[in-house]
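Structure file coords.pdb (PDB, C-alpha atoms and all ligand atoms) follows.
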```pdb
MODEL        1
ATOM      1  CA  MET A 192     137.810 121.824 107.458
ATOM      2  CA  SER A 193     139.295 120.615 110.715
ATOM      3  CA  ALA A 194     138.562 117.217 112.237
ATOM      4  CA  GLN A 195     137.318 119.234 115.223
ATOM      5  CA  SER A 196     134.510 120.942 113.328
ATOM      6  CA  LEU A 197     133.328 117.598 111.954
ATOM      7  CA  MET A 198     133.201 116.280 115.538
ATOM      8  CA  GLN A 199     131.341 119.477 116.470
ATOM      9  CA  LEU A 200     128.711 118.466 113.910
ATOM     10  CA  ALA A 201     128.442 115.012 115.533
ATOM     11  CA  GLY A 202     127.967 116.731 118.893
ATOM     12  CA  ALA A 203     125.311 119.063 117.494
ATOM     13  CA  LEU A 204     123.464 116.061 116.046
ATOM     14  CA  SER A 205     123.465 114.248 119.387
ATOM     15  CA  THR A 206     122.366 117.315 121.396
ATOM     16  CA  GLY A 207     119.754 118.289 118.813
ATOM     17  CA  THR A 208     121.146 121.698 117.852
ATOM     18  CA  VAL A 209     121.307 120.214 114.373
ATOM     19  CA  LYS A 210     118.298 118.103 113.479
ATOM     20  CA  VAL A 211     117.742 115.611 110.697
ATOM     21  CA  VAL A 212     114.636 116.194 108.555
ATOM     22  CA  ASP A 213     113.323 113.356 106.391
ATOM     23  CA  LEU A 214     112.476 114.600 102.898
ATOM     24  CA  THR A 215     111.142 111.210 101.777
ATOM     25  CA  GLN A 216     107.634 109.949 100.910
ATOM     26  CA  VAL A 217     106.623 106.517 102.158
ATOM     27  CA  LEU A 218     106.994 103.779  99.525
ATOM     28  CA  ASN A 219     103.973 101.481  99.147
ATOM     29  CA  PRO A 220     101.774 100.168  96.297
ATOM     30  CA  GLU A 221      99.774 103.445  96.344
ATOM     31  CA  THR A 222     102.869 105.643  95.900
ATOM     32  CA  PRO A 223     102.132 107.719  92.773
ATOM     33  CA  VAL A 224     104.230 106.973  89.682
ATOM     34  CA  ILE A 225     104.434 109.141  86.572
ATOM     35  CA  GLN A 226     101.962 108.215  83.808
ATOM     36  CA  LEU A 227     103.219 108.810  80.278
ATOM     37  CA  PRO A 228     100.941 109.289  77.261
ATOM     38  CA  GLU A 229     100.472 106.632  74.557
ATOM     39  CA  PRO A 230     102.476 105.005  72.961
ATOM     40  CA  PHE A 231     105.184 105.126  75.649
ATOM     41  CA  ALA A 232     105.875 102.272  78.084
ATOM     42  CA  GLN A 233     104.843 102.787  81.713
ATOM     43  CA  SER A 234     106.850 102.392  84.889
ATOM     44  CA  PRO A 235     105.476  99.838  87.366
ATOM     45  CA  ALA A 236     104.442 100.921  90.860
ATOM     46  CA  PHE A 237     106.102  99.655  94.015
ATOM     47  CA  SER A 238     105.124  96.172  95.141
ATOM     48  CA  SER A 239     106.293  93.942  97.970
ATOM     49  CA  GLU A 240     105.929  90.251  98.705
ATOM     50  CA  LEU A 241     106.688  88.297 101.852
ATOM     51  CA  ILE A 242     109.657  85.898 101.904
ATOM     52  CA  SER A 243     109.126  84.784 105.497
ATOM     53  CA  GLN A 244     107.790  86.089 108.795
ATOM     54  CA  PHE A 245     108.655  83.917 111.824
ATOM     55  CA  ASP A 246     107.117  80.906 110.075
ATOM     56  CA  ASP A 247     108.194  77.670 108.340
ATOM     57  CA  ASP A 248     109.945  79.695 105.612
ATOM     58  CA  GLY A 249     112.033  81.494 108.222
ATOM     59  CA  PRO A 250     111.277  80.754 111.862
ATOM     60  CA  ALA A 251     113.247  83.619 113.437
ATOM     61  CA  TRP A 252     113.292  86.207 110.660
ATOM     62  CA  TYR A 253     111.022  88.559 108.725
ATOM     63  CA  TRP A 254     111.852  89.838 105.225
ATOM     64  CA  ASN A 255     110.261  90.793 101.912
ATOM     65  CA  LYS A 256     111.201  91.118  98.296
ATOM     66  CA  PHE A 257     110.149  94.265  96.471
ATOM     67  CA  SER A 258     110.038  95.551  92.914
ATOM     68  CA  CYS A 259     109.446  98.940  91.342
ATOM     69  CA  GLY A 260     110.639 101.199  88.546
ATOM     70  CA  GLU A 261     113.843 103.133  89.118
ATOM     71  CA  HIS A 262     111.739 106.334  89.105
ATOM     72  CA  CYS A 263     109.236 105.432  91.824
ATOM     73  CA  GLY A 264     108.338 107.585  94.829
ATOM     74  CA  THR A 265     111.022 109.878  96.219
ATOM     75  CA  HIS A 266     113.748 109.188  93.695
ATOM     76  CA  PHE A 267     117.011 110.298  92.121
ATOM     77  CA  ASP A 268     117.417 111.144  88.418
ATOM     78  CA  ALA A 269     120.958 110.478  87.158
ATOM     79  CA  PRO A 270     122.312 112.249  84.042
ATOM     80  CA  GLY A 271     122.132 108.976  82.071
ATOM     81  CA  HIS A 272     118.335 108.972  82.493
ATOM     82  CA  TRP A 273     118.011 111.413  79.583
ATOM     83  CA  ILE A 274     119.219 111.313  75.973
ATOM     84  CA  SER A 275     121.162 114.544  76.548
ATOM     85  CA  GLY A 276     123.188 112.974  79.395
ATOM     86  CA  GLN A 277     123.685 109.480  78.011
ATOM     87  CA  ASP A 278     127.372 109.844  77.101
ATOM     88  CA  TYR A 279     128.754 110.897  80.507
ATOM     89  CA  SER A 280     131.131 108.237  81.827
ATOM     90  CA  ASP A 281     130.108 109.248  85.384
ATOM     91  CA  GLY A 282     126.420 109.660  84.613
ATOM     92  CA  THR A 283     124.768 106.577  86.110
ATOM     93  CA  THR A 284     124.014 105.552  89.694
ATOM     94  CA  ASP A 285     127.150 103.368  89.931
ATOM     95  CA  THR A 286     129.590 105.811  88.312
ATOM     96  CA  LEU A 287     128.532 109.253  89.577
ATOM     97  CA  ASP A 288     130.732 111.288  91.930
ATOM     98  CA  VAL A 289     129.522 110.684  95.501
ATOM     99  CA  ASN A 290     130.999 114.039  96.600
ATOM    100  CA  GLN A 291     128.170 115.664  94.708
ATOM    101  CA  LEU A 292     125.458 113.846  96.673
ATOM    102  CA  VAL A 293     125.933 116.018  99.775
ATOM    103  CA  GLY A 294     125.521 119.762  99.513
ATOM    104  CA  PRO A 295     123.830 122.964 100.610
ATOM    105  CA  ALA A 296     120.140 123.398  99.813
ATOM    106  CA  CYS A 297     118.404 126.546  98.602
ATOM    107  CA  VAL A 298     114.659 126.163  99.143
ATOM    108  CA  LEU A 299     112.574 128.355  96.851
ATOM    109  CA  ASP A 300     109.042 128.657  98.225
ATOM    110  CA  PHE A 301     106.508 128.892  95.431
ATOM    111  CA  SER A 302     103.744 127.064  97.314
ATOM    112  CA  ARG A 303     101.282 129.975  97.116
ATOM    113  CA  GLU A 304     101.850 130.486  93.381
ATOM    114  CA  SER A 305     101.446 126.717  92.800
ATOM    115  CA  ALA A 306      98.185 126.612  94.760
ATOM    116  CA  ASP A 307      96.820 129.595  92.801
ATOM    117  CA  ASN A 308      97.959 128.112  89.470
ATOM    118  CA  ASN A 309      98.636 124.373  89.301
ATOM    119  CA  ASP A 310     100.510 124.993  86.017
ATOM    120  CA  PHE A 311     102.810 127.582  87.638
ATOM    121  CA  VAL A 312     106.061 127.871  85.667
ATOM    122  CA  LEU A 313     109.164 129.058  87.504
ATOM    123  CA  GLU A 314     111.066 131.702  85.510
ATOM    124  CA  PRO A 315     114.493 133.320  86.034
ATOM    125  CA  GLU A 316     112.842 136.463  87.437
ATOM    126  CA  HIS A 317     111.262 134.379  90.219
ATOM    127  CA  ILE A 318     114.686 132.974  91.095
ATOM    128  CA  LYS A 319     116.275 136.443  91.031
ATOM    129  CA  ALA A 320     113.514 137.781  93.314
ATOM    130  CA  TRP A 321     114.271 134.927  95.757
ATOM    131  CA  GLU A 322     117.993 135.794  95.599
ATOM    132  CA  ALA A 323     117.267 139.468  96.309
ATOM    133  CA  GLU A 324     115.740 138.335  99.608
ATOM    134  CA  HIS A 325     117.998 135.421 100.562
ATOM    135  CA  GLY A 326     121.296 135.979  98.747
ATOM    136  CA  GLU A 327     122.755 134.414  95.624
ATOM    137  CA  ILE A 328     122.476 130.666  95.023
ATOM    138  CA  GLU A 329     126.001 129.283  95.486
ATOM    139  CA  ALA A 330     127.745 127.022  92.956
ATOM    140  CA  GLY A 331     127.276 123.374  93.907
ATOM    141  CA  ALA A 332     123.958 123.996  95.677
ATOM    142  CA  TRP A 333     120.888 121.825  95.389
ATOM    143  CA  VAL A 334     117.957 124.027  94.407
ATOM    144  CA  LEU A 335     114.681 122.691  95.797
ATOM    145  CA  MET A 336     111.359 124.070  94.568
ATOM    146  CA  ARG A 337     108.844 124.081  97.416
ATOM    147  CA  THR A 338     105.251 123.757  96.201
ATOM    148  CA  ASP A 339     103.654 121.912  99.155
ATOM    149  CA  TRP A 340     102.688 119.253  96.590
ATOM    150  CA  HIS A 341     103.675 116.558  99.114
ATOM    151  CA  LYS A 342     100.584 117.535 101.119
ATOM    152  CA  ARG A 343      98.410 116.215  98.266
ATOM    153  CA  SER A 344      97.411 112.573  97.998
ATOM    154  CA  GLY A 345      95.674 110.236  95.580
ATOM    155  CA  ALA A 346      94.532 111.688  92.251
ATOM    156  CA  ASP A 347      95.275 115.263  93.427
ATOM    157  CA  PHE A 348      99.003 114.507  93.433
ATOM    158  CA  LEU A 349      99.238 113.660  89.710
ATOM    159  CA  ASN A 350      96.362 116.122  89.025
ATOM    160  CA  ILE A 351      95.513 114.784  85.560
ATOM    161  CA  ASP A 352      92.489 115.929  83.521
ATOM    162  CA  GLU A 353      91.492 115.577  79.824
ATOM    163  CA  GLU A 354      94.350 117.929  78.850
ATOM    164  CA  GLY A 355      96.960 115.984  80.799
ATOM    165  CA  PRO A 356      98.804 116.556  84.098
ATOM    166  CA  HIS A 357      98.757 119.941  85.840
ATOM    167  CA  SER A 358     101.670 120.484  88.209
ATOM    168  CA  PRO A 359     104.244 123.254  88.664
ATOM    169  CA  GLY A 360     107.811 123.194  87.376
ATOM    170  CA  PRO A 361     110.609 125.171  85.771
ATOM    171  CA  SER A 362     110.854 126.900  82.384
ATOM    172  CA  PRO A 363     113.747 126.254  79.998
ATOM    173  CA  ALA A 364     115.079 129.758  80.819
ATOM    174  CA  ALA A 365     115.021 128.966  84.559
ATOM    175  CA  MET A 366     117.025 125.790  83.960
ATOM    176  CA  GLN A 367     119.483 127.637  81.723
ATOM    177  CA  PHE A 368     119.955 130.296  84.437
ATOM    178  CA  LEU A 369     120.605 127.742  87.211
ATOM    179  CA  ILE A 370     123.038 125.758  85.053
ATOM    180  CA  GLU A 371     124.939 128.513  83.258
ATOM    181  CA  GLU A 372     124.783 131.411  85.727
ATOM    182  CA  ARG A 373     124.796 129.478  89.010
ATOM    183  CA  ASN A 374     126.346 126.074  88.229
ATOM    184  CA  ILE A 375     124.094 124.256  90.709
ATOM    185  CA  GLN A 376     124.548 120.561  91.468
ATOM    186  CA  GLY A 377     120.949 119.478  91.263
ATOM    187  CA  TRP A 378     117.297 120.373  91.017
ATOM    188  CA  GLY A 379     114.687 118.921  93.377
ATOM    189  CA  VAL A 380     110.892 119.091  93.471
ATOM    190  CA  GLU A 381     107.895 117.743  95.402
ATOM    191  CA  THR A 382     105.969 116.720  92.282
ATOM    192  CA  VAL A 383     106.117 113.289  90.594
ATOM    193  CA  GLY A 384     108.905 114.377  88.204
ATOM    194  CA  THR A 385     111.390 117.243  88.033
ATOM    195  CA  ASP A 386     109.474 118.890  85.182
ATOM    196  CA  ALA A 387     106.102 120.653  85.134
ATOM    197  CA  GLY A 388     103.070 118.553  84.198
ATOM    198  CA  ALA A 389     102.791 120.422  80.896
ATOM    199  CA  ALA A 390     106.557 120.315  80.162
ATOM    200  CA  GLY A 391     106.198 117.846  77.268
ATOM    201  CA  GLY A 392     104.982 120.879  75.296
ATOM    202  CA  PHE A 393     107.880 123.186  76.302
ATOM    203  CA  GLU A 394     110.810 123.932  73.998
ATOM    204  CA  PRO A 395     112.909 121.899  74.596
ATOM    205  CA  PRO A 396     110.445 119.316  75.969
ATOM    206  CA  PHE A 397     111.083 118.400  79.642
ATOM    207  CA  PRO A 398     113.720 121.144  80.210
ATOM    208  CA  ALA A 399     114.638 119.999  83.760
ATOM    209  CA  HIS A 400     115.497 116.578  82.383
ATOM    210  CA  PHE A 401     116.971 117.664  79.062
ATOM    211  CA  MET A 402     119.055 120.569  80.327
ATOM    212  CA  MET A 403     120.085 119.439  83.841
ATOM    213  CA  HIS A 404     121.112 115.974  82.680
ATOM    214  CA  GLY A 405     122.690 117.433  79.528
ATOM    215  CA  ALA A 406     124.938 119.374  81.938
ATOM    216  CA  ASN A 407     125.714 116.201  83.984
ATOM    217  CA  LYS A 408     123.610 117.438  86.893
ATOM    218  CA  PHE A 409     121.137 115.558  89.075
ATOM    219  CA  GLY A 410     117.410 115.566  89.819
ATOM    220  CA  LEU A 411     115.299 114.671  92.843
ATOM    221  CA  ALA A 412     111.544 114.060  92.508
ATOM    222  CA  SER A 413     108.633 113.490  94.899
ATOM    223  CA  LEU A 414     110.428 115.116  97.834
ATOM    224  CA  ALA A 415     108.430 115.697 101.021
ATOM    225  CA  ASN A 416     108.585 118.167 103.903
ATOM    226  CA  LEU A 417     110.354 121.013 102.118
ATOM    227  CA  ASP A 418     108.210 123.280 104.348
ATOM    228  CA  GLN A 419     110.420 122.143 107.261
ATOM    229  CA  LEU A 420     113.583 123.584 105.705
ATOM    230  CA  PRO A 421     115.000 127.101 105.938
ATOM    231  CA  ALA A 422     115.437 129.019 102.672
ATOM    232  CA  LYS A 423     119.203 128.612 103.151
ATOM    233  CA  GLY A 424     121.372 126.816 105.709
ATOM    234  CA  ALA A 425     120.357 123.159 105.339
ATOM    235  CA  ILE A 426     122.663 120.456 103.978
ATOM    236  CA  ILE A 427     121.054 117.637 102.026
ATOM    237  CA  ILE A 428     122.280 114.062 101.657
ATOM    238  CA  ALA A 429     120.873 112.207  98.639
ATOM    239  CA  PRO A 430     122.717 109.023  97.612
ATOM    240  CA  PRO A 431     120.864 106.742  95.163
ATOM    241  CA  LEU A 432     121.261 102.962  95.253
ATOM    242  CA  LYS A 433     124.412 101.797  93.463
ATOM    243  CA  ILE A 434     122.516 100.017  90.689
ATOM    244  CA  GLU A 435     124.869  99.061  87.858
ATOM    245  CA  ASN A 436     124.129 101.331  84.888
ATOM    246  CA  GLY A 437     121.107 102.687  86.795
ATOM    247  CA  SER A 438     119.214 105.722  85.486
ATOM    248  CA  GLY A 439     118.141 106.595  89.021
ATOM    249  CA  SER A 440     116.645 104.952  92.074
ATOM    250  CA  PRO A 441     114.262 105.401  94.957
ATOM    251  CA  LEU A 442     116.204 106.787  97.931
ATOM    252  CA  ARG A 443     115.948 108.264 101.390
ATOM    253  CA  VAL A 444     116.718 112.002 101.289
ATOM    254  CA  LEU A 445     117.857 113.628 104.537
ATOM    255  CA  ALA A 446     118.445 117.261 105.425
ATOM    256  CA  LEU A 447     120.645 118.552 108.246
ATOM    257  CA  VAL A 448     118.996 121.670 109.643
ATOM    258  CA  PRO A 449     120.264 124.017 112.361
ATOM    259  CA  ALA A 450     117.681 123.999 115.176
TER     260      ALA A 450
HETATM  261  C1  LIG B 501     110.361 109.348  81.769
HETATM  262  C2  LIG B 501     109.816 110.152  80.793
HETATM  263  C3  LIG B 501     109.384 111.411  81.099
HETATM  264  C4  LIG B 501     109.502 111.855  82.395
HETATM  265  C5  LIG B 501     110.074 111.062  83.407
HETATM  266  C6  LIG B 501     110.475 109.795  83.058
HETATM  267  C7  LIG B 501     110.226 111.554  84.801
HETATM  268  O1  LIG B 501     109.693 112.545  85.203
HETATM  269  C8  LIG B 501     111.148 110.880  85.736
HETATM  270  O2  LIG B 501     110.723 110.293  86.730
HETATM  271  O3  LIG B 501     112.347 110.989  85.542
HETATM  272  S1  LIG B 501     108.973 113.483  82.767
HETATM  273 MN    MN B 502     112.795 110.410  87.569
ENDMDL
END
```

Could you quickly redo this structure as structure tokens?
Amino acid sequence: MSAQSLMQLAGALSTGTVKVVDLTQVLNPETPVIQLPEPFAQSPAFSSELISQFDDDGPAWYWNKFSCGEHCGTHFDAPGHWISGQDYSDGTTDTLDVNQLVGPACVLDFSRESADNNDFVLEPEHIKAWEAEHGEIEAGAWVLMRTDWHKRSGADFLNIDEEGPHSPGPSPAAMQFLIEERNIQGWGVETVGTDAGAAGGFEPPFPAHFMMHGANKFGLASLANLDQLPAKGAIIIAPPLKIENGSGSPLRVLALVPA
């Protein structure tokens, strides 16, 4: 691409013919975090503590310290997060290829299906039906599953009952299709994790994690505002923190959208 077209993008950003959409949930102590069944260890929620605020501890400055799990709120899943991706030399937040953190987004709207059935499972035929309408998913794309789950809050977001969590997500066959037939770069969702609530019982368990990370591909969880994106035509920017040997991190996810 020419230097001129990159400057054209800068111009479009300043005049508003390209807008920036924030795909990030706010991070606070109430931000929902995945709850795993016994006997597994749990991830802590986000917490923040004051260092100083224009007081004796810092008369002219305000700052906090915070802590949270790597997989808290809107967050990035690196290949090294899962057993299937543990051996990639470029599979953690400090070693991954930053070129792969910016790319075109395909937004697959299954919000109605997810409202009708909170355990909705995305299958290859759903993806092919989307492609028949919008064109084929290109290699290197980020595929984002819109469910409107970000509009939920509190207990409705995790949606757990006696049987466990109920939230939509992909089947193993859907993951296999996107990896082997489309060679996508990553898989993003609005729910707490990249897999369906019931995915611990799929074969393999947690196919989005097991298969995407096994193919050295990325995940994005707890995205917001996917309803503000076109089906095709947006570019997303999703760089995790450069934590040494990190399995993922909370991040700000931005989309560039033609106005
Ligand atoms: C650990 C174990 C199971 C799952 C997850 C984490 C996530 O969804 C995550 O945030 O990566 S399903
Ligand atoms: Mn995660």

Which residues of chain A come within 12 Å of ligand MN 502 (chain B), and for each one, what is the closest pair of atoms and their distance in Å to one decimal, counting all atoms listed in the file, sorted by chain and residue number, as a Markdown table?
```
| residue | atom | partner | partner_atom | distance |
| --- | --- | --- | --- | --- |
| A:Val224 | CA | B:MN502 | MN | 9.5 |
| A:Ile225 | CA | B:MN502 | MN | 8.5 |
| A:Gln226 | CA | B:MN502 | MN | 11.7 |
| A:Ser234 | CA | B:MN502 | MN | 10.3 |
| A:Gly260 | CA | B:MN502 | MN | 9.5 |
| A:Glu261 | CA | B:MN502 | MN | 7.5 |
| A:His262 | CA | B:MN502 | MN | 4.5 |
| A:Cys263 | CA | B:MN502 | MN | 7.5 |
| A:Gly264 | CA | B:MN502 | MN | 9.0 |
| A:Thr265 | CA | B:MN502 | MN | 8.8 |
| A:His266 | CA | B:MN502 | MN | 6.3 |
| A:Phe267 | CA | B:MN502 | MN | 6.2 |
| A:Asp268 | CA | B:MN502 | MN | 4.8 |
| A:Ala269 | CA | B:MN502 | MN | 8.2 |
| A:Pro270 | CA | B:MN502 | MN | 10.3 |
| A:Gly271 | CA | B:MN502 | MN | 10.9 |
| A:His272 | CA | B:MN502 | MN | 7.7 |
| A:Trp273 | CA | B:MN502 | MN | 9.6 |
| A:Trp378 | CA | B:MN502 | MN | 11.5 |
| A:Gly379 | CA | B:MN502 | MN | 10.5 |
| A:Val380 | CA | B:MN502 | MN | 10.7 |
| A:Glu381 | CA | B:MN502 | MN | 11.8 |
| A:Thr382 | CA | B:MN502 | MN | 10.4 |
| A:Val383 | CA | B:MN502 | MN | 7.9 |
| A:Gly384 | CA | B:MN502 | MN | 5.6 |
| A:Thr385 | CA | B:MN502 | MN | 7.0 |
| A:Asp386 | CA | B:MN502 | MN | 9.4 |
| A:Phe397 | CA | B:MN502 | MN | 11.4 |
| A:Ala399 | CA | B:MN502 | MN | 10.5 |
| A:His400 | CA | B:MN502 | MN | 8.5 |
| A:Phe401 | CA | B:MN502 | MN | 11.9 |
| A:His404 | CA | B:MN502 | MN | 11.1 |
| A:Phe409 | CA | B:MN502 | MN | 9.9 |
| A:Gly410 | CA | B:MN502 | MN | 7.3 |
| A:Leu411 | CA | B:MN502 | MN | 7.2 |
| A:Ala412 | CA | B:MN502 | MN | 6.3 |
| A:Ser413 | CA | B:MN502 | MN | 9.0 |
| A:Leu414 | CA | B:MN502 | MN | 11.5 |
| A:Pro431 | CA | B:MN502 | MN | 11.7 |
| A:Gly437 | CA | B:MN502 | MN | 11.4 |
| A:Ser438 | CA | B:MN502 | MN | 8.2 |
| A:Gly439 | CA | B:MN502 | MN | 6.7 |
| A:Ser440 | CA | B:MN502 | MN | 8.1 |
| A:Pro441 | CA | B:MN502 | MN | 9.0 |
| A:Leu442 | CA | B:MN502 | MN | 11.5 |
```

CA of Ala446 in chain A to CA of Gln376 in chain A, distance in Å rounded to a single decimal: 15.6 Å

Using only C-alpha atoms and all ligand atoms, pick whichever of A:Asn407, A:Gln233, A:Gln419, A:Asn350 has the shortest atom-to-atom distance to ligand LIG 501 (chain B).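 That would be A:Gln233, the residue with the smallest distance to ligand LIG 501 (chain B).
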
List the spatial neighbours of Glu372 in chain A as a ChimeraX atom specification - criterion: any atom at most 12 Å away, only C-alpha atoms, same-chain residues fewer than 2 positions off excluded. /A:315,318-319,327-331,364-370,374-375

Would you export the selected residues with C-alpha atoms as a CSV table (one decimal), keeping the file's coordinate frame, please?
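again17.csv, freshly written:
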```csv
chain,number,residue,atom,x,y,z
A,315,PRO,CA,114.5,133.3,86.0
A,318,ILE,CA,114.7,133.0,91.1
A,319,LYS,CA,116.3,136.4,91.0
A,327,GLU,CA,122.8,134.4,95.6
A,328,ILE,CA,122.5,130.7,95.0
A,329,GLU,CA,126.0,129.3,95.5
A,330,ALA,CA,127.7,127.0,93.0
A,331,GLY,CA,127.3,123.4,93.9
A,364,ALA,CA,115.1,129.8,80.8
A,365,ALA,CA,115.0,129.0,84.6
A,366,MET,CA,117.0,125.8,84.0
A,367,GLN,CA,119.5,127.6,81.7
A,368,PHE,CA,120.0,130.3,84.4
A,369,LEU,CA,120.6,127.7,87.2
A,370,ILE,CA,123.0,125.8,85.1
A,374,ASN,CA,126.3,126.1,88.2
A,375,ILE,CA,124.1,124.3,90.7
```

Evaluated on this file, the PyMOL selection byres (((chain A and resi 340) around 10) and not hetatm) picks out some residues - which ones are they, written as a PyMOL selection string? chain A and resi 302+305-306+309+337-339+341-344+347-349+358-359+380-383+413-417

On this file, the PyMOL selection byres (((chain A and resi 447) around 7) and not hetatm) gives some set of residues; write that set as an MDAnalysis selection string. chainID A and resid 209:212 425:427 445:446 448:449

Got time to write the residues from that selection, C-alpha atoms, as a compact mmCIF listing (two decimals), keeping the file's coordinate frame?
```
# COMPACT_ATOMS: atom_id res chain seq x y z
CA VAL A 209 121.31 120.21 114.37
CA LYS A 210 118.30 118.10 113.48
CA VAL A 211 117.74 115.61 110.70
CA VAL A 212 114.64 116.19 108.56
CA ALA A 425 120.36 123.16 105.34
CA ILE A 426 122.66 120.46 103.98
CA ILE A 427 121.05 117.64 102.03
CA LEU A 445 117.86 113.63 104.54
CA ALA A 446 118.44 117.26 105.42
CA VAL A 448 119.00 121.67 109.64
CA PRO A 449 120.26 124.02 112.36
```

Tell me which residues the PyMOL selection byres (((chain A and resi 216-219) around 6) and not hetatm) grabs here, as a list in words.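 That selection, the PyMOL selection byres (((chain A and resi 216-219) around 6) and not hetatm), comes back as Thr215, Pro220, Glu221, Thr222, Phe237, Thr265 and Ala415 of chain A.
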
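The two atoms in question, CA of Gly326 in chain A and CA of Asp418 in chain A, are spaced 19.1 Å apart.
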
Option closest in space to ligand LIG 501 (chain B), from A:Met403, A:Leu432, A:Val334, A:Ala320 [counting only C-alpha atoms and all ligand atoms]: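 Of the candidates, the smallest distance to ligand LIG 501 (chain B) is held by A:Met403.
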
May I ask which of the residues A:Leu287, A:Ala390, A:Leu313, A:Met402 is the closest one to ligand LIG 501 (chain B), counting all atoms listed in the file?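 Among A:Leu287, A:Ala390, A:Leu313, A:Met402, it is A:Ala390 that comes nearest to ligand LIG 501 (chain B).
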
Residue nearest ligand LIG 501 (chain B) among A:Ala194, A:Leu214, A:Ala232, A:Val298 (counting all atoms listed in the file):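 Using all atoms listed in the file, ligand LIG 501 (chain B) sits closest to A:Ala232.
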
Range 427-441 of chain A from the block above, C-alpha atoms, as a tab-separated table (two decimals), in the first residue's frame, please?
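After the write, out.tsv holds the following:
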```
chain	number	residue	atom	x	y	z
A	427	ILE	CA	-10.09	-4.39	14.38
A	428	ILE	CA	-7.05	-3.58	16.51
A	429	ALA	CA	-6.53	-5.91	19.48
A	430	PRO	CA	-3.07	-5.82	21.10
A	431	PRO	CA	-2.79	-7.48	24.53
A	432	LEU	CA	-0.41	-6.20	27.20
A	433	LYS	CA	3.15	-7.42	26.67
A	434	ILE	CA	3.19	-9.56	29.82
A	435	GLU	CA	6.21	-11.87	29.84
A	436	ASN	CA	4.99	-15.42	29.22
A	437	GLY	CA	1.40	-14.14	29.50
A	438	SER	CA	-1.52	-16.40	28.58
A	439	GLY	CA	-3.62	-13.36	27.70
A	440	SER	CA	-4.56	-9.99	29.13
A	441	PRO	CA	-7.34	-7.48	29.51
```
